[in-house]
file run19.txt (compact mmCIF, C-alpha atoms)
# COMPACT_ATOMS: atom_id res chain seq x y z
CA MET A 1 2.47 60.85 20.64
CA THR A 2 4.68 60.45 23.72
CA PRO A 3 5.91 63.76 25.15
CA ASP A 4 9.61 64.41 25.58
CA PRO A 5 11.07 63.89 29.05
CA VAL A 6 10.93 66.82 31.45
CA PRO A 7 14.24 68.72 31.13
CA GLY A 8 16.56 68.19 34.07
CA ALA A 9 14.41 65.52 35.74
CA ARG A 10 16.28 63.13 38.04
CA ALA A 11 15.61 59.46 38.53
CA ASP A 12 14.32 58.32 41.90
CA LEU A 13 17.33 56.14 42.59
CA ASP A 14 20.39 55.99 44.80
CA ALA A 15 23.66 56.46 42.95
CA ASP A 16 25.52 55.26 46.07
CA LEU A 17 25.14 51.59 45.08
CA PHE A 18 27.37 50.23 47.85
CA ASN A 19 25.77 52.50 50.47
CA TYR A 20 28.91 54.28 51.65
CA ARG A 21 26.61 56.81 53.26
CA SER A 22 25.84 54.19 55.91
CA LEU A 23 29.34 54.75 57.32
CA LEU A 24 28.01 58.02 58.78
CA ASP A 25 26.04 58.10 62.02
CA ASP A 26 22.40 59.16 62.30
CA ASP A 27 23.18 62.79 63.16
CA GLU A 28 25.58 63.12 60.24
CA ARG A 29 23.05 61.67 57.80
CA ALA A 30 20.40 64.02 59.17
CA LEU A 31 22.72 66.97 58.52
CA LEU A 32 23.21 65.79 54.93
CA ASP A 33 19.44 65.47 54.51
CA ARG A 34 18.98 69.07 55.67
CA LEU A 35 21.73 70.19 53.32
CA ARG A 36 20.22 68.36 50.35
CA SER A 37 16.79 69.83 51.05
CA TRP A 38 18.24 73.35 51.26
CA LEU A 39 20.24 72.90 48.06
CA GLU A 40 17.32 71.51 46.08
CA THR A 41 14.99 74.27 47.33
CA ASN A 42 17.31 77.26 47.10
CA LEU A 43 20.22 76.52 44.76
CA ALA A 44 18.94 74.03 42.18
CA PRO A 45 16.20 76.26 40.66
CA ARG A 46 18.77 78.99 39.92
CA ALA A 47 21.89 76.99 39.04
CA ASP A 48 21.47 77.02 35.26
CA GLU A 49 20.55 80.70 35.02
CA GLN A 50 23.38 81.94 37.20
CA TRP A 51 25.81 79.69 35.31
CA ALA A 52 24.61 81.11 31.98
CA LYS A 53 24.96 84.68 33.27
CA ALA A 54 28.24 83.96 35.12
CA GLN A 55 26.72 85.44 38.28
CA PHE A 56 27.25 84.28 41.85
CA PRO A 57 24.21 83.97 44.20
CA HIS A 58 25.52 86.18 46.99
CA ASP A 59 22.09 86.27 48.62
CA LEU A 60 22.36 82.54 49.42
CA ILE A 61 25.52 82.82 51.51
CA ALA A 62 23.78 83.60 54.81
CA GLY A 63 21.33 80.72 54.48
CA PHE A 64 24.09 78.34 53.49
CA GLY A 65 26.20 79.47 56.45
CA ALA A 66 23.33 78.70 58.82
CA LEU A 67 23.57 75.01 57.86
CA ASN A 68 26.87 74.75 59.80
CA VAL A 69 28.70 72.72 57.16
CA VAL A 70 31.72 75.02 56.71
CA GLY A 71 35.11 74.14 58.22
CA LEU A 72 33.88 70.89 59.74
CA PRO A 73 37.28 69.19 60.24
CA TYR A 74 38.89 72.10 62.08
CA GLU A 75 39.12 72.21 65.87
CA LEU A 76 37.79 75.66 66.72
CA PRO A 77 36.61 77.01 70.09
CA GLY A 78 32.89 76.69 70.64
CA THR A 79 32.17 74.71 67.46
CA PRO A 80 31.79 70.96 66.93
CA THR A 81 34.54 69.17 65.01
CA GLU A 82 33.53 66.56 62.46
CA GLY A 83 35.53 64.09 60.42
CA ARG A 84 36.74 64.31 56.85
CA LEU A 85 34.18 61.71 55.84
CA LEU A 86 31.24 63.97 56.63
CA SER A 87 33.04 66.95 55.07
CA GLY A 88 33.52 64.89 51.91
CA PHE A 89 29.86 63.99 51.69
CA VAL A 90 29.01 67.68 52.09
CA SER A 91 31.17 68.47 49.05
CA LEU A 92 29.47 65.64 47.16
CA GLU A 93 25.98 66.93 47.93
CA ILE A 94 26.80 70.49 46.87
CA SER A 95 28.50 69.38 43.64
CA ARG A 96 25.54 67.12 42.84
CA ILE A 97 23.51 70.33 42.47
CA ASP A 98 26.14 72.80 41.28
CA ALA A 99 29.88 72.19 40.85
CA SER A 100 30.42 75.97 40.83
CA PHE A 101 28.95 76.41 44.31
CA SER A 102 30.96 73.41 45.44
CA SER A 103 34.09 75.15 44.17
CA PHE A 104 33.15 78.26 46.17
CA TYR A 105 32.79 76.02 49.21
CA GLY A 106 36.07 74.19 48.58
CA VAL A 107 38.10 77.36 48.06
CA HIS A 108 36.69 78.99 51.18
CA SER A 109 36.46 76.04 53.56
CA GLY A 110 39.38 74.01 52.27
CA LEU A 111 42.05 76.23 50.76
CA ALA A 112 41.57 79.56 52.55
CA MET A 113 40.53 78.30 55.97
CA GLY A 114 42.94 75.38 55.64
CA SER A 115 45.88 77.73 55.01
CA ILE A 116 45.13 79.66 58.18
CA TYR A 117 44.41 76.52 60.20
CA TYR A 118 47.49 74.54 59.18
CA CYS A 119 49.97 77.38 58.71
CA GLY A 120 48.73 80.09 61.07
CA SER A 121 49.30 80.75 64.75
CA ASP A 122 46.72 80.24 67.50
CA GLU A 123 46.03 83.98 67.48
CA GLN A 124 45.53 84.02 63.71
CA ARG A 125 43.15 81.05 63.85
CA GLU A 126 41.10 82.79 66.54
CA ARG A 127 41.15 86.07 64.61
CA TRP A 128 39.80 84.79 61.28
CA LEU A 129 38.44 81.25 61.39
CA PRO A 130 35.28 81.61 63.55
CA ALA A 131 33.88 84.35 61.28
CA MET A 132 34.90 82.35 58.20
CA ARG A 133 33.13 79.28 59.53
CA ARG A 134 29.95 81.34 59.91
CA LEU A 135 30.53 82.75 56.39
CA GLU A 136 30.61 86.26 57.80
CA LYS A 137 33.98 86.56 56.08
CA ILE A 138 34.72 84.87 52.74
CA GLY A 139 38.16 83.53 51.91
CA ALA A 140 40.22 83.02 48.76
CA PHE A 141 43.55 81.32 48.04
CA GLY A 142 46.16 83.06 45.90
CA LEU A 143 48.77 80.64 44.57
CA THR A 144 48.47 80.25 40.78
CA GLU A 145 50.11 83.00 38.71
CA PRO A 146 49.84 84.17 35.09
CA HIS A 147 53.16 82.44 34.27
CA GLY A 148 53.01 79.66 36.84
CA GLY A 149 50.54 76.81 37.23
CA SER A 150 51.99 73.33 37.52
CA ASP A 151 55.51 74.71 38.07
CA VAL A 152 54.55 77.38 40.59
CA ALA A 153 56.49 75.57 43.33
CA GLY A 154 59.77 76.51 41.72
CA GLY A 155 58.75 79.59 39.78
CA LEU A 156 56.73 81.75 42.17
CA GLU A 157 57.09 85.33 40.88
CA THR A 158 55.09 87.22 43.52
CA THR A 159 57.59 88.70 45.99
CA ALA A 160 57.55 89.73 49.62
CA ARG A 161 60.01 92.23 51.08
CA ARG A 162 60.11 93.06 54.78
CA GLU A 163 60.21 96.66 55.94
CA GLY A 164 60.20 96.84 59.72
CA ASP A 165 56.98 95.30 61.02
CA GLN A 166 55.40 95.27 57.55
CA TRP A 167 55.78 93.32 54.34
CA LEU A 168 55.57 94.71 50.80
CA LEU A 169 53.92 92.34 48.33
CA ASP A 170 54.31 92.74 44.56
CA GLY A 171 53.11 90.44 41.80
CA ALA A 172 50.07 88.92 40.18
CA LYS A 173 47.81 85.91 40.68
CA ARG A 174 45.39 84.27 38.26
CA TRP A 175 42.41 81.91 38.43
CA ILE A 176 41.67 82.89 42.03
CA GLY A 177 38.24 81.56 42.99
CA ASN A 178 36.13 83.90 45.16
CA GLY A 179 38.77 86.53 44.41
CA THR A 180 36.38 89.28 43.36
CA PHE A 181 34.47 89.39 46.64
CA ALA A 182 36.65 87.70 49.27
CA ASP A 183 37.20 89.43 52.60
CA VAL A 184 40.51 87.66 53.22
CA VAL A 185 42.87 86.33 50.55
CA VAL A 186 45.80 84.07 51.40
CA ILE A 187 48.67 85.17 49.15
CA TRP A 188 51.73 82.95 48.71
CA ALA A 189 54.86 84.96 47.90
CA ARG A 190 58.61 84.45 47.75
CA ASP A 191 60.69 86.29 50.36
CA ILE A 192 63.39 88.11 48.36
CA GLU A 193 65.78 87.95 51.31
CA ASP A 194 65.93 84.19 51.91
CA ASP A 195 64.06 82.89 48.80
CA SER A 196 61.54 81.03 50.98
CA VAL A 197 57.78 80.85 50.30
CA LYS A 198 55.58 82.56 52.86
CA GLY A 199 51.83 82.95 53.26
CA PHE A 200 50.16 86.30 53.95
CA VAL A 201 46.55 87.21 54.69
CA VAL A 202 45.55 90.25 52.64
CA GLU A 203 42.33 91.80 53.85
CA LYS A 204 39.71 93.41 51.63
CA GLY A 205 40.32 97.08 50.92
CA THR A 206 44.08 96.96 51.38
CA PRO A 207 45.67 99.66 49.15
CA GLY A 208 47.48 98.34 46.09
CA PHE A 209 45.37 95.16 45.91
CA THR A 210 43.15 94.88 42.82
CA ALA A 211 40.86 91.99 41.85
CA THR A 212 39.42 91.79 38.32
CA LYS A 213 36.85 89.21 37.30
CA MET A 214 37.96 86.81 34.57
CA GLU A 215 35.46 86.77 31.72
CA ASN A 216 34.42 84.33 28.99
CA LYS A 217 35.03 81.10 30.89
CA LEU A 218 33.36 77.95 29.58
CA ALA A 219 33.46 76.03 32.88
CA LEU A 220 32.44 76.81 36.48
CA ARG A 221 31.01 80.05 35.17
CA THR A 222 29.29 80.87 38.45
CA VAL A 223 32.64 80.91 40.25
CA GLN A 224 34.04 84.43 40.34
CA ASN A 225 37.63 83.68 39.34
CA ALA A 226 39.83 86.74 39.48
CA ASP A 227 43.09 88.17 38.24
CA LEU A 228 44.80 89.68 41.26
CA LEU A 229 47.31 92.50 41.01
CA LEU A 230 49.50 93.37 44.01
CA GLU A 231 51.35 96.67 43.70
CA GLY A 232 53.21 97.60 46.85
CA VAL A 233 50.59 95.94 49.05
CA ARG A 234 51.54 96.52 52.69
CA VAL A 235 50.73 93.67 55.04
CA PRO A 236 51.57 93.74 58.76
CA GLU A 237 53.86 91.06 60.19
CA ALA A 238 50.81 89.98 62.23
CA ASN A 239 49.21 88.83 58.93
CA ARG A 240 52.11 86.60 57.92
CA LEU A 241 51.06 83.00 58.51
CA HIS A 242 53.37 81.44 61.03
CA ASN A 243 53.37 78.77 63.70
CA ASP A 244 55.91 76.43 65.27
CA HIS A 245 55.40 73.83 62.54
CA THR A 246 55.73 75.89 59.36
CA SER A 247 59.03 75.67 57.54
CA GLY A 248 58.91 78.77 55.35
CA THR A 249 59.06 76.65 52.20
CA PHE A 250 56.61 75.46 49.56
CA SER A 251 55.97 72.42 51.76
CA ASP A 252 53.73 74.69 53.86
CA THR A 253 51.59 75.37 50.80
CA ASN A 254 51.63 71.72 49.84
CA ALA A 255 50.45 70.78 53.34
CA VAL A 256 47.22 72.62 52.54
CA LEU A 257 46.87 71.11 49.06
CA ARG A 258 47.47 67.64 50.48
CA HIS A 259 44.26 67.94 52.48
CA THR A 260 42.15 69.53 49.73
CA ARG A 261 42.94 67.29 46.73
CA GLY A 262 40.66 64.64 48.15
CA GLY A 263 37.88 67.22 48.16
CA VAL A 264 38.07 67.46 44.37
CA ALA A 265 37.45 63.71 44.19
CA TRP A 266 34.31 64.16 46.29
CA SER A 267 33.12 67.00 44.06
CA SER A 268 33.73 64.85 41.00
CA VAL A 269 31.60 62.07 42.46
CA GLY A 270 28.77 64.53 43.14
CA ALA A 271 28.87 65.79 39.56
CA MET A 272 28.89 62.21 38.23
CA MET A 273 25.89 61.36 40.38
CA ALA A 274 24.03 64.37 39.01
CA VAL A 275 24.42 63.44 35.35
CA TYR A 276 23.83 59.75 36.03
CA GLU A 277 20.52 60.47 37.77
CA ILE A 278 19.40 62.76 34.95
CA ALA A 279 20.45 60.24 32.28
CA ALA A 280 18.74 57.34 34.05
CA GLN A 281 15.45 59.22 34.25
CA TYR A 282 15.76 60.31 30.65
CA ALA A 283 16.32 56.68 29.61
CA LYS A 284 13.04 55.72 31.24
CA ASP A 285 11.04 58.57 29.72
CA ARG A 286 12.49 59.08 26.24
CA VAL A 287 10.67 56.94 23.68
CA GLN A 288 12.27 55.98 20.35
CA PHE A 289 11.41 53.14 18.00
CA GLY A 290 8.24 52.55 19.97
CA ARG A 291 9.70 52.05 23.45
CA PRO A 292 11.76 53.80 26.16
CA ILE A 293 15.42 53.98 25.17
CA GLY A 294 16.29 52.50 28.57
CA GLY A 295 15.17 49.17 27.13
CA PHE A 296 18.04 49.10 24.63
CA GLN A 297 21.23 47.27 25.49
CA LEU A 298 23.57 50.09 24.43
CA VAL A 299 21.81 52.56 26.73
CA GLN A 300 21.92 50.18 29.69
CA ASP A 301 25.64 49.66 29.03
CA LEU A 302 26.25 53.41 29.28
CA LEU A 303 24.30 53.64 32.55
CA ALA A 304 26.16 50.67 34.05
CA ARG A 305 29.52 52.18 33.11
CA MET A 306 28.51 55.50 34.67
CA LEU A 307 27.52 53.77 37.89
CA GLY A 308 30.80 51.88 37.90
CA ASN A 309 32.76 55.12 37.65
CA ILE A 310 30.75 56.64 40.48
CA THR A 311 31.18 53.62 42.73
CA ALA A 312 34.93 53.25 42.17
CA SER A 313 35.60 56.96 42.65
CA LEU A 314 33.40 57.19 45.74
CA GLY A 315 35.16 54.22 47.30
CA MET A 316 38.51 55.90 46.76
CA ALA A 317 37.28 59.22 48.17
CA VAL A 318 35.83 57.52 51.24
CA ARG A 319 39.08 55.71 51.95
CA VAL A 320 41.11 58.91 51.58
CA ALA A 321 38.83 60.61 54.13
CA GLN A 322 39.21 57.71 56.54
CA LEU A 323 43.00 57.82 56.24
CA GLN A 324 42.94 61.57 56.85
CA ASP A 325 40.83 61.09 59.97
CA GLN A 326 43.23 58.40 61.18
CA GLY A 327 46.26 60.64 60.61
CA ILE A 328 48.01 58.18 58.29
CA PHE A 329 47.22 59.88 54.99
CA ARG A 330 49.95 60.28 52.33
CA ASP A 331 50.35 62.65 49.37
CA GLU A 332 50.12 59.94 46.74
CA GLN A 333 46.77 58.72 48.07
CA GLY A 334 45.11 62.10 47.58
CA ALA A 335 46.84 62.57 44.23
CA LEU A 336 45.60 59.22 42.92
CA ALA A 337 42.05 59.88 44.12
CA LYS A 338 42.01 63.31 42.46
CA SER A 339 43.44 62.19 39.12
CA PHE A 340 41.30 59.03 38.97
CA ALA A 341 37.99 60.62 39.96
CA THR A 342 38.33 63.62 37.64
CA SER A 343 39.27 61.36 34.72
CA ARG A 344 36.22 59.19 35.40
CA LEU A 345 34.12 62.36 35.64
CA ARG A 346 35.18 63.32 32.14
CA GLU A 347 34.07 59.91 30.86
CA THR A 348 30.80 59.95 32.75
CA VAL A 349 29.61 63.38 31.61
CA SER A 350 30.52 62.42 28.05
CA TRP A 351 28.43 59.25 28.23
CA ALA A 352 25.52 61.15 29.77
CA ARG A 353 25.63 63.72 26.98
CA GLU A 354 25.75 60.87 24.45
CA LEU A 355 22.70 59.22 26.00
CA LEU A 356 20.67 62.43 25.74
CA GLY A 357 21.66 63.00 22.12
CA GLY A 358 21.11 66.56 20.96
CA ASN A 359 19.27 67.42 24.17
CA GLY A 360 22.53 66.81 26.01
CA ILE A 361 23.95 70.13 24.80
CA LEU A 362 20.94 72.14 25.99
CA LEU A 363 21.39 73.78 29.37
CA GLU A 364 17.79 73.10 30.34
CA TYR A 365 18.30 69.31 30.29
CA GLY A 366 20.87 69.46 33.07
CA ILE A 367 23.84 67.75 31.43
CA ALA A 368 25.57 70.57 29.53
CA ARG A 369 26.57 72.53 32.65
CA PHE A 370 28.25 69.51 34.23
CA PHE A 371 29.80 68.55 30.88
CA ASN A 372 31.61 71.89 30.80
CA ASP A 373 32.36 72.08 34.51
CA ALA A 374 34.14 68.72 34.39
CA GLU A 375 36.96 70.34 32.44
CA ALA A 376 37.76 72.69 35.31
CA LEU A 377 37.68 69.96 37.95
CA TYR A 378 39.98 67.91 35.73
CA SER A 379 42.58 70.70 35.74
CA PHE A 380 42.61 72.46 39.10
CA GLU A 381 44.33 71.35 42.34
CA GLY A 382 47.00 69.80 40.14
CA THR A 383 46.46 68.50 36.61
CA ARG A 384 46.08 64.78 35.99
CA GLU A 385 49.69 64.65 34.82
CA ILE A 386 51.09 66.36 37.93
CA ASN A 387 49.09 64.12 40.24
CA THR A 388 50.17 60.99 38.40
CA LEU A 389 53.79 62.12 38.79
CA ILE A 390 53.23 62.42 42.55
CA VAL A 391 52.02 58.83 42.50
CA GLY A 392 54.86 57.78 40.20
CA ARG A 393 57.43 59.28 42.55
CA SER A 394 56.00 57.26 45.43
CA ILE A 395 56.22 54.09 43.34
CA THR A 396 59.75 54.51 42.04
CA GLY A 397 61.38 56.90 44.51
CA LEU A 398 62.36 59.04 41.53
CA GLY A 399 61.01 62.51 40.74
CA ALA A 400 60.09 62.98 37.08
CA PHE A 401 58.52 66.45 37.19
CA THR A 402 61.15 67.95 34.89

call {"tool": "encode", "arguments": {"input": "run19.txt", "output": "structure tokens"}}
result
Amino acid sequence: MTPDPVPGARADLDADLFNYRSLLDDDERALLDRLRSWLETNLAPRADEQWAKAQFPHDLIAGFGALNVVGLPYELPGTPTEGRLLSGFVSLEISRIDASFSSFYGVHSGLAMGSIYYCGSDEQRERWLPAMRRLEKIGAFGLTEPHGGSDVAGGLETTARREGDQWLLDGAKRWIGNGTFADVVVIWARDIEDDSVKGFVVEKGTPGFTATKMENKLALRTVQNADLLLEGVRVPEANRLHNDHTSGTFSDTNAVLRHTRGGVAWSSVGAMMAVYEIAAQYAKDRVQFGRPIGGFQLVQDLLARMLGNITASLGMAVRVAQLQDQGIFRDEQGALAKSFATSRLRETVSWARELLGGNGILLEYGIARFFNDAEALYSFEGTREINTLIVGRSITGLGAFT
């Protein structure tokens, strides 16, 4: 009798069929190799258990920070600056092991650090970003609200009222990744005086600021999403994000999202690679009707379609990163990459679960976690519908959001 395949085993193959990784130089590929080794040694053995328990591996933060992969695209004093392409491959590698940890990385390095980098002053960048790059301080990004997701641009309910050299923040935020343990949280609020949207850095321990962990999630369970309550939170004017280029409108917020949507595409590719590798190995090892199921045409068709989704999505993500590095990137390019890659992710995890049959819904076989996590990637940083409307507006010149 042939034994069942080893749960969670990965095929010894390269899911990067067109070798996009070769676009990186030797030093960049060496960094990715070190990252992959660290992830497979430290994160992979615990990913399923911490997902099942909805617990975050806080003890891994210091070791992860020592890899120097946080905040790569930002020009900071005393630290090397790398391109978006390398940063994208970092997101891919993390998501290939655990989409939850990749979300932690994206919220901190992309949304929180990005808000301070793109919307903050030189002094504010120097005050917070070096420690955030070393992961000595963890960041979160507070935009989504209980009554505002896709329409938050026009319906932001959290308010800011100036009193001398301080601001009073009141309101609530929801679905805030890293929110339960972040040291700095970027809160977007509407100024009641001029109705403009402003960003504020709220530091841990500020009176009136409460973060409560959201329970009973079925996706990205390791991520500590929080409900935030702001009741008369006093923030000094020095913590209001401002530089010569910010406009005091939602376009400041969107400037951050423009750069991070492409990161979701990279995370989606990493998750697709994970389930593809597991499914390919399973197809070689699982014997039915007297031979490995990988020898059946229907199974090979599923694997080929998975690889096609990976390759198309990776090509789009790579091109977005190149355009960002060249400074000619547009909103609709990131929006299309995000909506396309997350839609293909949904297909790919479904096919992988189908290939594994009943074993596909068991956490120990490696597919079920990614199957669930795909639903979160599909929805955050703008739903598929919102991102397609961004693309549609660029095609027609007509906004169709309402």

call {"tool": "closest_residue", "arguments": {"input": "run19.txt", "among": "A:Ala238, A:Met272, A:Leu229, A:Leu220", "to": "A:Ser379", "atoms": "only C-alpha atoms"}}
result
A:Leu220

call {"tool": "atom_distance", "arguments": {"input": "run19.txt", "atom1": "atom CA of A:Val256", "atom2": "atom CA of A:Gly114"}}
result
6.0 Å

call {"tool": "residues_around", "arguments": {"input": "run19.txt", "residues": "A:Arg353", "least_positions_apart": "2", "cutoff": "10 Å", "atoms": "only C-alpha atoms", "output": "ChimeraX atom specification"}}
result
/A:275,279,348-351,355-362,365-368,370-371

call {"tool": "residues_around", "arguments": {"input": "run19.txt", "residues": "A:Leu345", "least_positions_apart": "4", "cutoff": "9 Å", "atoms": "all atoms listed in the file", "output": "number ranges by chain"}}
result
A: 268-269, 271-272, 306, 309-310, 313, 340-341, 349-350, 371, 374, 377-378

call {"tool": "write_last_selection", "arguments": {"input": "run19.txt", "atoms": "C-alpha atoms", "output": "CSV table (one decimal), in the frame of the given file"}}
result
chain,number,residue,atom,x,y,z
A,268,SER,CA,33.7,64.8,41.0
A,269,VAL,CA,31.6,62.1,42.5
A,271,ALA,CA,28.9,65.8,39.6
A,272,MET,CA,28.9,62.2,38.2
A,306,MET,CA,28.5,55.5,34.7
A,309,ASN,CA,32.8,55.1,37.6
A,310,ILE,CA,30.8,56.6,40.5
A,313,SER,CA,35.6,57.0,42.6
A,340,PHE,CA,41.3,59.0,39.0
A,341,ALA,CA,38.0,60.6,40.0
A,349,VAL,CA,29.6,63.4,31.6
A,350,SER,CA,30.5,62.4,28.0
A,371,PHE,CA,29.8,68.6,30.9
A,374,ALA,CA,34.1,68.7,34.4
A,377,LEU,CA,37.7,70.0,38.0
A,378,TYR,CA,40.0,67.9,35.7

call {"tool": "residues_near_point", "arguments": {"input": "run19.txt", "point": "(22.4, 51.3, 45.1)", "cutoff": "12 Å", "atoms": "all atoms listed in the file", "output": "PyMOL selection string"}}
result
chain A and resi 12-22+273+277+304+307-308+310-311

call {"tool": "atom_distance", "arguments": {"input": "run19.txt", "atom1": "atom CA of A:Ala283", "atom2": "atom CA of A:Gly295"}}
result
8.0 Å

call {"tool": "atom_distance", "arguments": {"input": "run19.txt", "atom1": "atom CA of A:Gly232", "atom2": "atom CA of A:Phe209"}}
result
8.3 Å

call {"tool": "closest_residue", "arguments": {"input": "run19.txt", "among": "A:Pro45, A:Gly65, A:Pro292, A:Pro130", "to": "A:Thr79", "atoms": "all atoms listed in the file"}}
result
A:Pro130

call {"tool": "residues_near_point", "arguments": {"input": "run19.txt", "point": "(62.7, 93.3, 48.1)", "cutoff": "12 Å", "atoms": "all atoms listed in the file", "output": "MDAnalysis selection string"}}
result
chainID A and resid 158:163 167:171 189:195 232

call {"tool": "closest_residue", "arguments": {"input": "run19.txt", "among": "A:Lys204, A:Phe104, A:Arg36, A:His259", "to": "A:Leu323", "atoms": "all atoms listed in the file"}}
result
A:His259

call {"tool": "closest_residue", "arguments": {"input": "run19.txt", "among": "A:Glu347, A:Asp183, A:Glu126, A:Glu82", "to": "A:Leu302", "atoms": "only C-alpha atoms"}}
result
A:Glu347

call {"tool": "closest_residue", "arguments": {"input": "run19.txt", "among": "A:Asn225, A:Thr144, A:Ser343, A:Thr260", "to": "A:Ala112", "atoms": "only C-alpha atoms"}}
result
A:Thr260

call {"tool": "residues_around", "arguments": {"input": "run19.txt", "residues": "A:Ala99", "least_positions_apart": "6", "cutoff": "10 Å", "atoms": "all atoms listed in the file", "output": "list of chain:residue names"}}
result
A:Ala47, A:Ser91, A:Leu92, A:Glu93, A:Tyr105, A:Ala219, A:Leu220, A:Arg221, A:Thr222, A:Val223, A:Ser267, A:Ser268, A:Gly270, A:Ala271, A:Ala274, A:Arg369, A:Phe370, A:Asp373, A:Ala374, A:Ala376, A:Leu377

call {"tool": "closest_residue", "arguments": {"input": "run19.txt", "among": "A:Arg261, A:Arg133, A:Lys213, A:Arg240", "to": "A:Gly78", "atoms": "all atoms listed in the file"}}
result
A:Arg133

call {"tool": "closest_atom_pairs", "arguments": {"input": "run19.txt", "of": "stretch 166-266 of chain A", "to": "stretch 382-400 of chain A", "cutoff": "12 Å", "atoms": "all atoms listed in the file", "output": "CSV"}}
result
residue,atom,partner,partner_atom,distance
A:Asn254,CA,A:Gly382,CA,10.9
A:Leu257,CA,A:Gly382,CA,9.0
A:Arg258,CA,A:Gly382,CA,10.6
A:Thr260,CA,A:Gly382,CA,10.8
A:Arg261,CA,A:Gly382,CA,8.1
A:Gly262,CA,A:Gly382,CA,11.4
A:Val264,CA,A:Gly382,CA,10.2
A:Ala265,CA,A:Arg384,CA,12.0

call {"tool": "residues_around", "arguments": {"input": "run19.txt", "residues": "A:Glu40", "least_positions_apart": "6", "cutoff": "12 Å", "atoms": "only C-alpha atoms", "output": "ChimeraX atom specification"}}
result
/A:10,33-34,46-47,93-98

call {"tool": "build_atoms", "arguments": {"input": "run19.txt", "residues": "stretch 365-378 of chain A", "atoms": "N, CA and C atoms", "output": "compact mmCIF listing (two decimals), in the frame of the given file"}}
result
# COMPACT_ATOMS: atom_id res chain seq x y z
N TYR A 365 18.39 70.74 30.01
CA TYR A 365 18.30 69.31 30.29
C TYR A 365 19.28 68.86 31.38
N GLY A 366 20.09 69.76 31.88
CA GLY A 366 20.87 69.46 33.07
C GLY A 366 22.23 68.85 32.87
N ILE A 367 22.56 68.42 31.66
CA ILE A 367 23.84 67.75 31.43
C ILE A 367 24.92 68.74 31.00
N ALA A 368 24.57 69.70 30.17
CA ALA A 368 25.57 70.57 29.53
C ALA A 368 26.42 71.32 30.55
N ARG A 369 25.81 71.79 31.64
CA ARG A 369 26.57 72.53 32.65
C ARG A 369 27.65 71.65 33.28
N PHE A 370 27.28 70.43 33.64
CA PHE A 370 28.25 69.51 34.23
C PHE A 370 29.30 69.06 33.20
N PHE A 371 28.87 68.93 31.96
CA PHE A 371 29.80 68.55 30.88
C PHE A 371 30.93 69.57 30.79
N ASN A 372 30.59 70.84 30.85
CA ASN A 372 31.61 71.89 30.80
C ASN A 372 32.41 71.99 32.09
N ASP A 373 31.70 71.91 33.22
CA ASP A 373 32.36 72.08 34.51
C ASP A 373 33.40 70.99 34.78
N ALA A 374 33.19 69.82 34.19
CA ALA A 374 34.14 68.72 34.39
C ALA A 374 35.54 69.09 33.94
N GLU A 375 35.64 69.96 32.94
CA GLU A 375 36.96 70.34 32.44
C GLU A 375 37.75 71.13 33.47
N ALA A 376 37.06 71.93 34.27
CA ALA A 376 37.76 72.69 35.31
C ALA A 376 38.20 71.77 36.44
N LEU A 377 37.31 70.88 36.88
CA LEU A 377 37.68 69.96 37.95
C LEU A 377 38.85 69.08 37.54
N TYR A 378 38.90 68.74 36.26
CA TYR A 378 39.98 67.91 35.73
C TYR A 378 41.33 68.61 35.85
